[in-house]
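One file, upload.cif, carrying mmCIF, C-alpha atoms:
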data_model
#
loop_
_atom_site.label_atom_id
_atom_site.label_comp_id
_atom_site.auth_asym_id
_atom_site.auth_seq_id
_atom_site.Cartn_x
_atom_site.Cartn_y
_atom_site.Cartn_z
CA MET A 234 111.72 110.01 71.81
CA ALA A 235 112.34 112.38 68.90
CA THR A 236 112.95 116.04 69.68
CA ARG A 237 113.20 119.00 67.35
CA ASP A 238 116.75 119.86 68.42
CA PRO A 239 119.10 117.12 67.24
CA ALA A 240 121.61 117.45 70.09
CA PRO A 241 120.52 119.45 73.13
CA PRO A 242 123.42 120.44 75.43
CA PRO A 243 123.48 118.83 78.89
CA SER A 244 122.47 122.11 80.57
CA ALA A 245 119.44 122.55 78.28
CA PRO A 246 116.21 123.83 79.84
CA PRO A 247 113.61 121.13 80.54
CA THR A 248 112.34 119.34 77.42
CA ARG A 249 109.18 120.80 75.95
CA ALA A 250 106.31 118.38 76.39
CA THR A 251 104.13 117.72 73.35
CA LEU A 252 100.45 116.88 73.92
CA PRO A 253 100.83 113.23 72.80
CA ALA A 254 103.90 112.85 75.01
CA LEU A 255 101.98 114.33 77.95
CA PHE A 256 99.17 111.84 77.32
CA ARG A 257 101.60 108.93 77.06
CA GLY A 258 103.51 110.00 80.15
CA PHE A 259 100.39 110.11 82.31
CA LEU A 260 99.05 106.92 80.70
CA SER A 261 102.14 105.11 81.93
CA ILE A 262 101.63 106.66 85.39
CA GLY A 263 97.97 105.58 85.37
CA LEU A 264 99.00 102.04 84.44
CA SER A 265 101.85 101.54 86.89
CA SER A 266 100.42 103.05 90.10
CA PHE A 267 98.98 99.84 91.55
CA GLY A 268 98.28 100.07 95.27
CA GLY A 269 98.60 103.84 95.65
CA GLY A 270 101.67 106.05 95.90
CA LEU A 271 100.59 107.96 92.80
CA ALA A 272 102.60 111.10 93.62
CA ALA A 273 105.82 109.08 93.66
CA TRP A 274 105.00 107.64 90.22
CA ILE A 275 104.21 111.10 88.85
CA ARG A 276 107.52 112.45 90.12
CA ARG A 277 109.42 109.51 88.60
CA GLU A 278 107.85 110.02 85.19
CA VAL A 279 107.74 113.83 84.98
CA VAL A 280 110.99 114.75 86.74
CA GLU A 281 113.30 111.76 86.35
CA ARG A 282 112.32 110.05 83.11
CA ARG A 283 111.01 112.95 81.00
CA GLY A 284 112.78 115.95 82.55
CA TRP A 285 109.76 118.23 82.08
CA LEU A 286 110.02 119.74 85.56
CA ASP A 287 112.78 120.00 88.17
CA ASP A 288 112.25 118.86 91.75
CA LYS A 289 111.47 122.33 93.06
CA GLN A 290 108.75 122.91 90.46
CA PHE A 291 107.33 119.50 91.24
CA LEU A 292 107.18 120.15 95.01
CA THR A 293 105.51 123.53 94.49
CA GLY A 294 102.91 121.81 92.34
CA TYR A 295 102.45 119.14 94.97
CA ALA A 296 101.87 121.72 97.72
CA LEU A 297 99.42 123.58 95.53
CA SER A 298 97.52 120.43 94.63
CA GLN A 299 97.02 119.77 98.35
CA LEU A 300 95.78 123.29 99.06
CA VAL A 301 93.07 122.99 96.42
CA PRO A 302 90.18 120.63 97.26
CA GLY A 303 89.89 117.41 95.28
CA ALA A 304 92.05 114.34 94.79
CA THR A 305 95.64 115.50 95.33
CA ASN A 306 97.15 113.46 92.52
CA VAL A 307 94.51 114.46 90.00
CA ASN A 308 95.09 118.10 90.93
CA LEU A 309 98.81 117.51 90.50
CA ALA A 310 98.17 116.23 86.96
CA VAL A 311 96.09 119.38 86.30
CA PHE A 312 98.86 121.58 87.65
CA ILE A 313 101.59 119.89 85.58
CA GLY A 314 99.46 119.83 82.42
CA ALA A 315 98.63 123.53 82.86
CA GLN A 316 102.23 124.49 83.46
CA LEU A 317 103.54 122.54 80.47
CA ARG A 318 100.84 123.04 77.83
CA GLY A 319 97.93 125.12 79.22
CA ALA A 320 94.30 123.95 79.11
CA LEU A 321 94.92 121.33 76.39
CA GLY A 322 97.81 119.98 78.42
CA VAL A 323 95.43 119.52 81.37
CA LEU A 324 93.03 117.50 79.23
CA ALA A 325 95.85 115.35 77.82
CA ALA A 326 97.27 114.62 81.28
CA LEU A 327 93.84 113.84 82.80
CA ALA A 328 92.81 111.57 79.94
CA GLY A 329 96.10 109.67 80.21
CA LEU A 330 95.82 109.34 83.98
CA MET A 331 92.17 108.34 84.26
CA LEU A 332 90.97 106.43 81.18
CA VAL A 333 92.52 103.02 81.69
CA PRO A 334 92.15 102.88 85.51
CA THR A 335 88.47 103.88 85.21
CA ALA A 336 87.74 101.09 82.73
CA LEU A 337 89.68 98.60 84.86
CA ILE A 338 87.89 99.56 88.08
CA LEU A 339 84.45 99.40 86.47
CA GLY A 340 85.27 95.90 85.20
CA ILE A 341 86.41 94.67 88.61
CA GLY A 342 83.38 96.31 90.26
CA ALA A 343 80.93 94.58 87.91
CA LEU A 344 82.70 91.28 88.54
CA TYR A 345 82.43 91.80 92.32
CA LEU A 346 78.70 92.59 92.20
CA ARG A 347 78.08 89.49 90.08
CA ALA A 348 80.21 87.30 92.39
CA GLN A 349 78.19 88.47 95.39
CA ALA A 350 75.09 86.81 93.93
CA THR A 351 76.92 83.62 92.90
CA PRO A 352 77.16 81.03 95.77
CA GLY A 353 80.61 79.55 95.01
CA TRP A 354 82.20 82.97 94.55
CA SER A 355 81.78 84.46 98.01
CA TRP A 356 85.55 84.16 98.57
CA ILE A 357 85.94 87.21 96.30
CA GLY A 358 84.00 89.26 98.86
CA THR A 359 86.21 87.88 101.66
CA ALA A 360 89.38 88.69 99.72
CA LEU A 361 88.14 92.22 99.08
CA THR A 362 87.33 92.67 102.78
CA GLY A 363 90.97 91.76 103.51
CA MET A 364 92.18 94.18 100.86
CA GLY A 365 89.89 96.86 102.30
CA ALA A 366 91.28 96.29 105.79
CA VAL A 367 94.78 96.87 104.38
CA ALA A 368 93.62 99.92 102.43
CA ILE A 369 92.41 101.43 105.72
CA GLY A 370 95.84 100.66 107.18
CA LEU A 371 97.49 102.39 104.21
CA ASN A 372 95.37 105.46 105.02
CA LEU A 373 96.36 105.48 108.68
CA ALA A 374 100.02 104.84 107.82
CA THR A 375 100.01 107.78 105.39
CA GLY A 376 98.60 109.94 108.18
CA ILE A 377 101.36 108.77 110.53
CA ARG A 378 104.08 109.49 107.94
CA LEU A 379 102.67 112.93 107.15
CA ALA A 380 102.36 113.79 110.84
CA ARG A 381 105.95 112.74 111.55
CA ARG A 382 107.26 114.91 108.72
CA ASN A 383 104.96 117.95 108.75
CA LEU A 384 103.39 118.42 112.15
CA ARG A 385 105.09 121.18 114.17
CA GLY A 386 103.99 122.22 117.67
CA VAL A 387 101.17 121.51 120.12
CA THR A 388 98.54 123.71 118.46
CA ALA A 389 98.97 121.95 115.11
CA ALA A 390 98.61 118.60 116.87
CA LEU A 391 95.40 119.83 118.56
CA VAL A 392 93.98 121.00 115.22
CA MET A 393 94.84 117.63 113.69
CA GLY A 394 93.31 115.71 116.61
CA ALA A 395 90.13 117.79 116.63
CA THR A 396 89.67 117.26 112.88
CA ALA A 397 90.24 113.50 113.15
CA ILE A 398 87.91 113.02 116.15
CA GLY A 399 85.20 115.44 114.96
CA ILE A 400 84.79 113.67 111.63
CA GLY A 401 86.03 110.14 112.32
CA VAL A 402 84.54 109.50 115.77
CA LEU A 403 81.73 112.05 116.29
CA ARG A 404 80.72 111.81 112.59
CA ILE A 405 80.11 115.54 112.21
CA PRO A 406 79.71 116.46 108.50
CA LEU A 407 82.97 117.60 106.90
CA PHE A 408 81.65 121.02 105.90
CA GLU A 409 80.63 121.93 109.46
CA VAL A 410 84.02 120.87 110.80
CA LEU A 411 85.92 122.87 108.17
CA VAL A 412 83.87 126.03 108.77
CA VAL A 413 84.97 125.99 112.42
CA ILE A 414 88.44 124.52 112.25
CA PHE A 415 89.94 126.29 109.24
CA PRO A 416 89.51 129.90 110.55
CA LEU A 417 90.78 128.63 113.92
CA SER A 418 93.85 127.04 112.37
CA LEU A 419 94.54 130.12 110.24
CA ALA A 420 94.24 132.39 113.28
CA LEU A 421 96.64 130.16 115.26
CA SER A 422 99.09 130.17 112.36
CA LEU A 423 98.95 134.00 112.09
CA TRP A 424 99.29 134.38 115.87
CA GLN A 425 102.35 132.12 115.97
CA GLY A 426 103.85 133.94 112.99
CA ALA A 427 103.41 137.26 114.80
CA ARG A 428 105.10 135.98 117.96
CA ARG A 429 108.22 134.91 116.12
CA MET B 270 66.80 107.81 86.25
CA ILE B 271 67.34 111.54 85.65
CA ALA B 272 66.57 112.21 89.30
CA LEU B 273 69.14 109.59 90.35
CA LEU B 274 71.81 111.04 88.05
CA LEU B 275 71.07 114.48 89.45
CA LYS B 276 71.46 113.17 93.01
CA LEU B 277 74.79 111.60 92.06
CA ALA B 278 75.97 114.82 90.42
CA LEU B 279 74.98 116.95 93.42
CA LEU B 280 76.54 114.63 95.98
CA PHE B 281 79.88 114.11 94.22
CA GLY B 282 80.03 117.67 92.86
CA GLY B 283 79.68 118.98 96.41
CA LEU B 284 82.21 116.51 97.82
CA SER B 285 84.62 117.42 95.02
CA LEU B 286 84.89 120.96 96.41
CA LEU B 287 85.07 119.80 100.03
CA ALA B 288 87.92 117.32 99.56
CA PHE B 289 90.59 119.37 101.28
CA GLY B 290 93.77 117.38 101.74
CA GLY B 291 92.91 114.83 99.07
CA GLY B 292 90.14 112.49 98.00
CA THR B 293 90.18 110.38 101.17
CA ALA B 294 89.03 113.43 103.16
CA VAL B 295 85.48 113.01 101.88
CA ILE B 296 85.30 109.21 102.28
CA PRO B 297 83.44 109.45 105.63
CA ASP B 298 80.85 111.83 104.16
CA MET B 299 80.52 109.71 101.02
CA GLN B 300 79.99 106.62 103.16
CA ARG B 301 77.42 108.38 105.37
CA VAL B 302 75.32 109.60 102.43
CA ALA B 303 75.68 106.61 100.06
CA VAL B 304 75.16 103.94 102.75
CA ASP B 305 73.02 105.53 105.49
CA THR B 306 71.04 108.26 103.74
CA TYR B 307 70.35 106.95 100.22
CA HIS B 308 70.97 103.19 100.77
CA TRP B 309 72.69 103.01 97.39
CA VAL B 310 75.30 100.53 98.63
CA THR B 311 75.67 98.39 101.76
CA ALA B 312 78.54 98.96 104.19
CA PRO B 313 80.43 95.81 103.03
CA GLU B 314 79.97 96.88 99.40
CA PHE B 315 81.35 100.30 100.23
CA LEU B 316 84.45 98.75 101.79
CA ALA B 317 84.89 96.43 98.78
CA PHE B 318 84.60 99.43 96.43
CA PHE B 319 87.11 101.31 98.56
CA ALA B 320 89.49 98.35 98.38
CA ILE B 321 89.13 98.00 94.60
CA SER B 322 89.76 101.68 93.97
CA ARG B 323 92.76 101.76 96.29
CA ALA B 324 94.37 98.58 94.98
CA ALA B 325 93.79 99.29 91.27
CA PRO B 326 96.06 101.81 89.52
CA GLY B 327 94.93 105.41 89.27
CA PRO B 328 93.51 107.85 91.82
CA GLY B 329 91.73 106.33 94.84
CA SER B 330 88.83 108.74 94.33
CA LEU B 331 87.74 106.59 91.39
CA ILE B 332 85.59 104.83 94.01
CA VAL B 333 82.88 107.24 92.83
CA VAL B 334 82.55 105.48 89.45
CA LEU B 335 81.78 102.21 91.27
CA ILE B 336 79.03 103.85 93.31
CA GLY B 337 77.71 105.54 90.15
CA GLN B 338 77.76 102.22 88.28
CA LYS B 339 75.87 100.42 91.08
CA VAL B 340 73.24 103.19 91.22
CA ALA B 341 72.66 103.92 87.53
CA GLY B 342 74.89 101.79 85.28
CA VAL B 343 77.39 103.33 82.89
CA PRO B 344 75.60 106.73 82.76
CA GLY B 345 75.83 106.80 86.55
CA ALA B 346 79.56 106.06 86.40
CA VAL B 347 80.15 108.83 83.86
CA VAL B 348 78.12 111.38 85.85
CA ALA B 349 79.92 110.41 89.06
CA LEU B 350 83.32 110.75 87.35
CA LEU B 351 82.57 114.20 85.89
CA ALA B 352 80.97 115.45 89.12
CA MET B 353 83.81 114.23 91.35
CA PHE B 354 86.68 115.57 89.23
CA GLY B 355 85.20 118.41 87.14
CA PRO B 356 84.75 121.11 89.82
CA SER B 357 88.02 120.40 91.64
CA CYS B 358 89.99 120.25 88.36
CA LEU B 359 88.59 123.63 87.27
CA LEU B 360 89.56 125.05 90.64
CA ALA B 361 93.04 123.51 90.43
CA TYR B 362 93.45 124.96 86.95
CA SER B 363 92.50 128.46 88.14
CA ALA B 364 94.77 128.09 91.14
CA ALA B 365 97.69 127.04 88.91
CA ARG B 366 97.24 130.23 86.89
CA VAL B 367 97.01 132.49 89.94
CA TRP B 368 99.84 130.77 91.80
CA TYR B 369 102.83 132.11 89.88
CA ARG B 370 101.49 135.67 89.87
CA THR B 371 101.49 135.76 93.67
CA ALA B 372 104.79 133.95 94.26
CA GLY B 373 106.38 134.75 97.62
CA ALA B 374 103.26 136.28 99.18
CA ALA B 375 103.06 135.88 102.97
CA TRP B 376 99.42 134.68 102.92
CA ARG B 377 100.51 131.64 100.97
CA GLN B 378 102.78 130.43 103.76
CA HIS B 379 100.04 130.99 106.33
CA MET B 380 97.55 129.06 104.21
CA GLU B 381 100.00 126.19 103.88
CA ARG B 382 100.69 126.14 107.61
CA ALA B 383 97.01 126.33 108.53
CA LEU B 384 95.93 123.58 106.13
CA ALA B 385 98.67 121.04 106.88
CA PRO B 386 97.37 119.79 110.29
CA ILE B 387 93.78 119.75 108.99
CA ALA B 388 94.82 117.67 105.98
CA ILE B 389 96.63 115.20 108.23
CA GLY B 390 93.63 115.05 110.59
CA LEU B 391 91.37 114.28 107.63
CA THR B 392 93.57 111.35 106.65
CA PHE B 393 93.13 109.83 110.12
CA ALA B 394 89.41 110.67 110.17
CA SER B 395 88.73 108.66 107.02
CA GLY B 396 90.63 105.68 108.43
CA ILE B 397 88.68 105.83 111.69
CA ALA B 398 85.33 106.29 109.92
CA LEU B 399 85.98 103.30 107.66
CA ILE B 400 86.92 101.10 110.61
CA ARG B 401 83.77 102.10 112.50
CA GLY B 402 81.53 101.71 109.48
CA THR B 403 82.80 98.47 108.02
CA GLU B 404 84.86 96.38 110.43
CA HIS B 405 83.02 94.37 113.02
CA ASP B 406 85.29 91.46 113.83
CA TRP B 407 88.75 90.94 115.27
CA ARG B 408 90.25 89.49 112.07
CA ALA B 409 89.69 92.69 110.11
CA TYR B 410 90.92 94.80 113.06
CA ALA B 411 94.07 92.70 113.20
CA VAL B 412 94.74 93.03 109.47
CA THR B 413 94.26 96.82 109.63
CA ALA B 414 96.55 97.12 112.67
CA ALA B 415 99.25 94.99 111.07
CA ALA B 416 99.00 96.89 107.77
CA THR B 417 99.19 100.27 109.54
CA LEU B 418 102.32 99.20 111.39
CA LEU B 419 103.99 97.64 108.34
CA LEU B 420 103.25 100.54 106.02
CA SER B 421 104.24 103.27 108.46
CA VAL B 422 107.60 101.87 109.60
CA THR B 423 108.80 99.82 106.61
CA GLU B 424 109.17 100.57 102.89
CA VAL B 425 107.37 97.39 101.83
CA SER B 426 105.25 97.79 98.67
CA PRO B 427 101.58 98.62 99.49
CA LEU B 428 100.47 96.24 96.76
CA LEU B 429 102.21 93.34 98.50
CA VAL B 430 100.47 94.14 101.79
CA VAL B 431 97.10 94.47 100.02
CA GLY B 432 97.56 90.98 98.61
CA GLY B 433 98.65 89.74 102.03
CA GLY B 434 95.48 91.13 103.57
CA ALA B 435 93.32 89.20 101.10
CA VAL B 436 95.22 85.97 101.77
CA ALA B 437 95.09 86.49 105.55
CA LEU B 438 91.29 86.81 105.62
CA LEU B 439 90.82 83.87 103.24
CA LEU B 440 92.99 81.70 105.52
CA ALA B 441 91.26 82.95 108.67
CA GLY B 442 87.98 81.86 107.07
CA SER B 443 85.85 84.86 107.99
#

Do you think you could lay out the structure here as structure tokens?
Amino acid sequence: MATRDPAPPPSAPPTRATLPALFRGFLSIGLSSFGGGLAAWIRREVVERRGWLDDKQFLTGYALSQLVPGATNVNLAVFIGAQLRGALGVLAALAGLMLVPTALILGIGALYLRAQATPGWSWIGTALTGMGAVAIGLNLATGIRLARRNLRGVTAALVMGATAIGIGVLRIPLFEVLVVIFPLSLALSLWQGARR
Amino acid sequence: MIALLLKLALLFGGLSLLAFGGGTAVIPDMQRVAVDTYHWVTAPEFLAFFAISRAAPGPGSLIVVLIGQKVAGVPGAVVALLAMFGPSCLLAYSAARVWYRTAGAAWRQHMERALAPIAIGLTFASGIALIRGTEHDWRAYAVTAAATLLLSVTEVSPLLVVGGGAVALLLAGS
């Protein structure tokens, strides 16, 4: 990749990302992230391969993208695009990340709906049911990994359990659960902070 | 048609702002409304869409374009895409701008600590809701259990397990 400075010293500040480079970087992320694990792909591209951010900046962005509602990895792309090139950077990163996967998914979806109506093709539905069963497992496994790494104390475990059961088992709408559980969790967090 | 697009925009626009802890947080609500309330897709279709959007590259929340496409063709897919990602992206952009101005503030740590267990709970909730809504036989339960175990204790590639799940159900002849 051509840069304006012919020979940057090893201790140079992170490379400045151009808009086309930002688009290409996220395009490659969007193309390689088969089967999930998008955040890991983003880190590989943005921190390791392109050197646009260091690890600390990346982790701050990752925490922020989880605090804001919406798909975490899409928010992460917004955060990185905004930090590197402002509003235009956001658009470049989002376009790179979403365009090709969207087209691909729409194609597969149309194929699936057609196969459903075609007698000899019902195995596609069966295969997708198997893939769906694994996708659910991937969800649960992510929850287990996150809990092992980030869950501290009994109250946090209770908040987690109440959220999971309220929505997953009792099927209470998400909004109603959040209205109750978020103030509760914040109060518990403040109370524990005050005791320390 | 316009009424349908409006319904899509309202549903996904609302879910966009409720998806705390990531896109999977709103999967149970999406399933409830799209399958039970509006009858846009059947429960097996919803699971197939979920599988496609998880296995394909890109964000898992792209499941919304499949629902949009089933309901109202390409315009439906476009509306669903903009509604699902527009509001949350605007919010993320504003947050990114505010974030550095308030670096080191105590409220930020409290917010992070309060949201973490909720986000983890939401991850489990969507898994549980999907099992209850879409899996009704022991083969699918077994595949989900095996996948959960494999993916939580080993570093095997998710894509490999996804393929394995498809093969397992084809061989089991469900």

> Can you tell me, as a ChimeraX atom specification, what residues are no more than 9 Å from Ile357 in chain A when counting all atoms listed in the file, ignoring any on the same chain fewer than 6 positions away?
Replying inline: /A:345,348-349

> Looking at A:Ala343, A:Leu423, A:Val367, A:Leu361, which one is nearest to Pro313 in chain B, with distances taken over all atoms listed in the file?
Replying inline: A:Leu361

>> Since I can't run it myself right now, could you work out what the PyMOL selection byres ((chain B and resi 395) around 10) selects here and report it as a list in words?
In response: Ile369, Asn372, Leu373, Ala397, Ile400, Gly401 and Val402 of chain A; Gly292, Thr293, Ala294, Val295, Ile296, Pro297, Asp298, Gln300, Gly390, Leu391, Thr392, Phe393, Ala394, Gly396, Ile397, Ala398, Leu399, Ile400 and Arg401 of chain B

> Can you tell me, as number ranges by chain, what residues are no more than 12 Å from Val302 in chain B when counting all atoms listed in the file, ignoring any on the same chain fewer than 2 positions away?
Replying inline: A: 404, 406-407; B: 276-277, 279-281, 283-284, 295-300, 304-312, 315, 336

Deliver the residues from the most recent selection as a file, using C-alpha atoms, as a tab-separated table (two decimals), in the coordinates of the input.
chain	number	residue	atom	x	y	z
A	404	ARG	CA	80.72	111.81	112.59
A	406	PRO	CA	79.71	116.46	108.50
A	407	LEU	CA	82.97	117.60	106.90
B	276	LYS	CA	71.46	113.17	93.01
B	277	LEU	CA	74.79	111.60	92.06
B	279	LEU	CA	74.98	116.95	93.42
B	280	LEU	CA	76.54	114.63	95.98
B	281	PHE	CA	79.88	114.11	94.22
B	283	GLY	CA	79.68	118.98	96.41
B	284	LEU	CA	82.21	116.51	97.82
B	295	VAL	CA	85.48	113.01	101.88
B	296	ILE	CA	85.30	109.21	102.28
B	297	PRO	CA	83.44	109.45	105.63
B	298	ASP	CA	80.85	111.83	104.16
B	299	MET	CA	80.52	109.71	101.02
B	300	GLN	CA	79.99	106.62	103.16
B	304	VAL	CA	75.16	103.94	102.75
B	305	ASP	CA	73.02	105.53	105.49
B	306	THR	CA	71.04	108.26	103.74
B	307	TYR	CA	70.35	106.95	100.22
B	308	HIS	CA	70.97	103.19	100.77
B	309	TRP	CA	72.69	103.01	97.39
B	310	VAL	CA	75.30	100.53	98.63
B	311	THR	CA	75.67	98.39	101.76
B	312	ALA	CA	78.54	98.96	104.19
B	315	PHE	CA	81.35	100.30	100.23
B	336	ILE	CA	79.03	103.85	93.31

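Between chain B and the candidates A:Ala304, A:Leu297, A:Ala326, A:Ile262, the tightest atom-to-atom separation, counting all atoms listed in the file, involves A:Ala304.
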
>> Please determine, counting only C-alpha atoms, which residue among B:Leu316, B:Leu351, B:Gly402, B:Val333 has the shortest atom-to-atom distance to chain A.
In response: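 Of all the options, B:Leu316 lies closest to chain A.
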
> For chain B, which of A:Gly263, A:Gly284, A:Gly329, A:Gly322 is the closest residue, counting all atoms listed in the file?
Replying inline: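 When distances to chain B are compared using all atoms listed in the file, the smallest one comes from A:Gly263.
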
>> Give me, as a list in words, all polymer residues having an atom no more than 9 Å from Tyr362 in chain B, counting all atoms listed in the file and skipping those fewer than 4 positions away in the same chain.
In response: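 Selected residues are Asn308, Val311, Phe312, Ala315, Gly319, Ala320 and Val323 of chain A; Ser357, Cys358, Arg366 and Val367 of chain B.
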
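Rounded to one decimal, CA of Ala420 in chain A and CA of Met380 in chain B lie 10.2 Å from each other.
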
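With CA of Val392 in chain A on one side and CA of Glu424 in chain B on the other, the separation reads 28.3 Å.
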
Is it possible to produce a file of range 349-370 of chain B from this structure, with C-alpha atoms, as a PDB file, in the first residue's frame?
ATOM      1  CA  ALA B 349     -35.345  -3.671   6.824  1.00  0.00           C
ATOM      2  CA  LEU B 350     -31.601  -3.019   6.408  1.00  0.00           C
ATOM      3  CA  LEU B 351     -31.911   0.752   6.866  1.00  0.00           C
ATOM      4  CA  ALA B 352     -34.341   0.418   9.789  1.00  0.00           C
ATOM      5  CA  MET B 353     -32.236  -2.168  11.622  1.00  0.00           C
ATOM      6  CA  PHE B 354     -28.884  -0.391  11.277  1.00  0.00           C
ATOM      7  CA  GLY B 355     -29.722   3.302  10.728  1.00  0.00           C
ATOM      8  CA  PRO B 356     -30.890   4.307  14.230  1.00  0.00           C
ATOM      9  CA  SER B 357     -28.260   2.295  16.108  1.00  0.00           C
ATOM     10  CA  CYS B 358     -25.455   3.536  13.823  1.00  0.00           C
ATOM     11  CA  LEU B 359     -26.485   7.162  14.388  1.00  0.00           C
ATOM     12  CA  LEU B 360     -26.488   6.514  18.119  1.00  0.00           C
ATOM     13  CA  ALA B 361     -23.094   4.799  17.950  1.00  0.00           C
ATOM     14  CA  TYR B 362     -21.723   7.732  15.970  1.00  0.00           C
ATOM     15  CA  SER B 363     -22.965  10.247  18.569  1.00  0.00           C
ATOM     16  CA  ALA B 364     -21.612   8.068  21.355  1.00  0.00           C
ATOM     17  CA  ALA B 365     -18.197   7.872  19.662  1.00  0.00           C
ATOM     18  CA  ARG B 366     -18.061  11.669  19.598  1.00  0.00           C
ATOM     19  CA  VAL B 367     -19.118  12.071  23.227  1.00  0.00           C
ATOM     20  CA  TRP B 368     -16.922   9.249  24.500  1.00  0.00           C
ATOM     21  CA  TYR B 369     -13.517  10.921  24.343  1.00  0.00           C
ATOM     22  CA  ARG B 370     -14.790  14.144  25.898  1.00  0.00           C
TER      23      ARG B 370
END
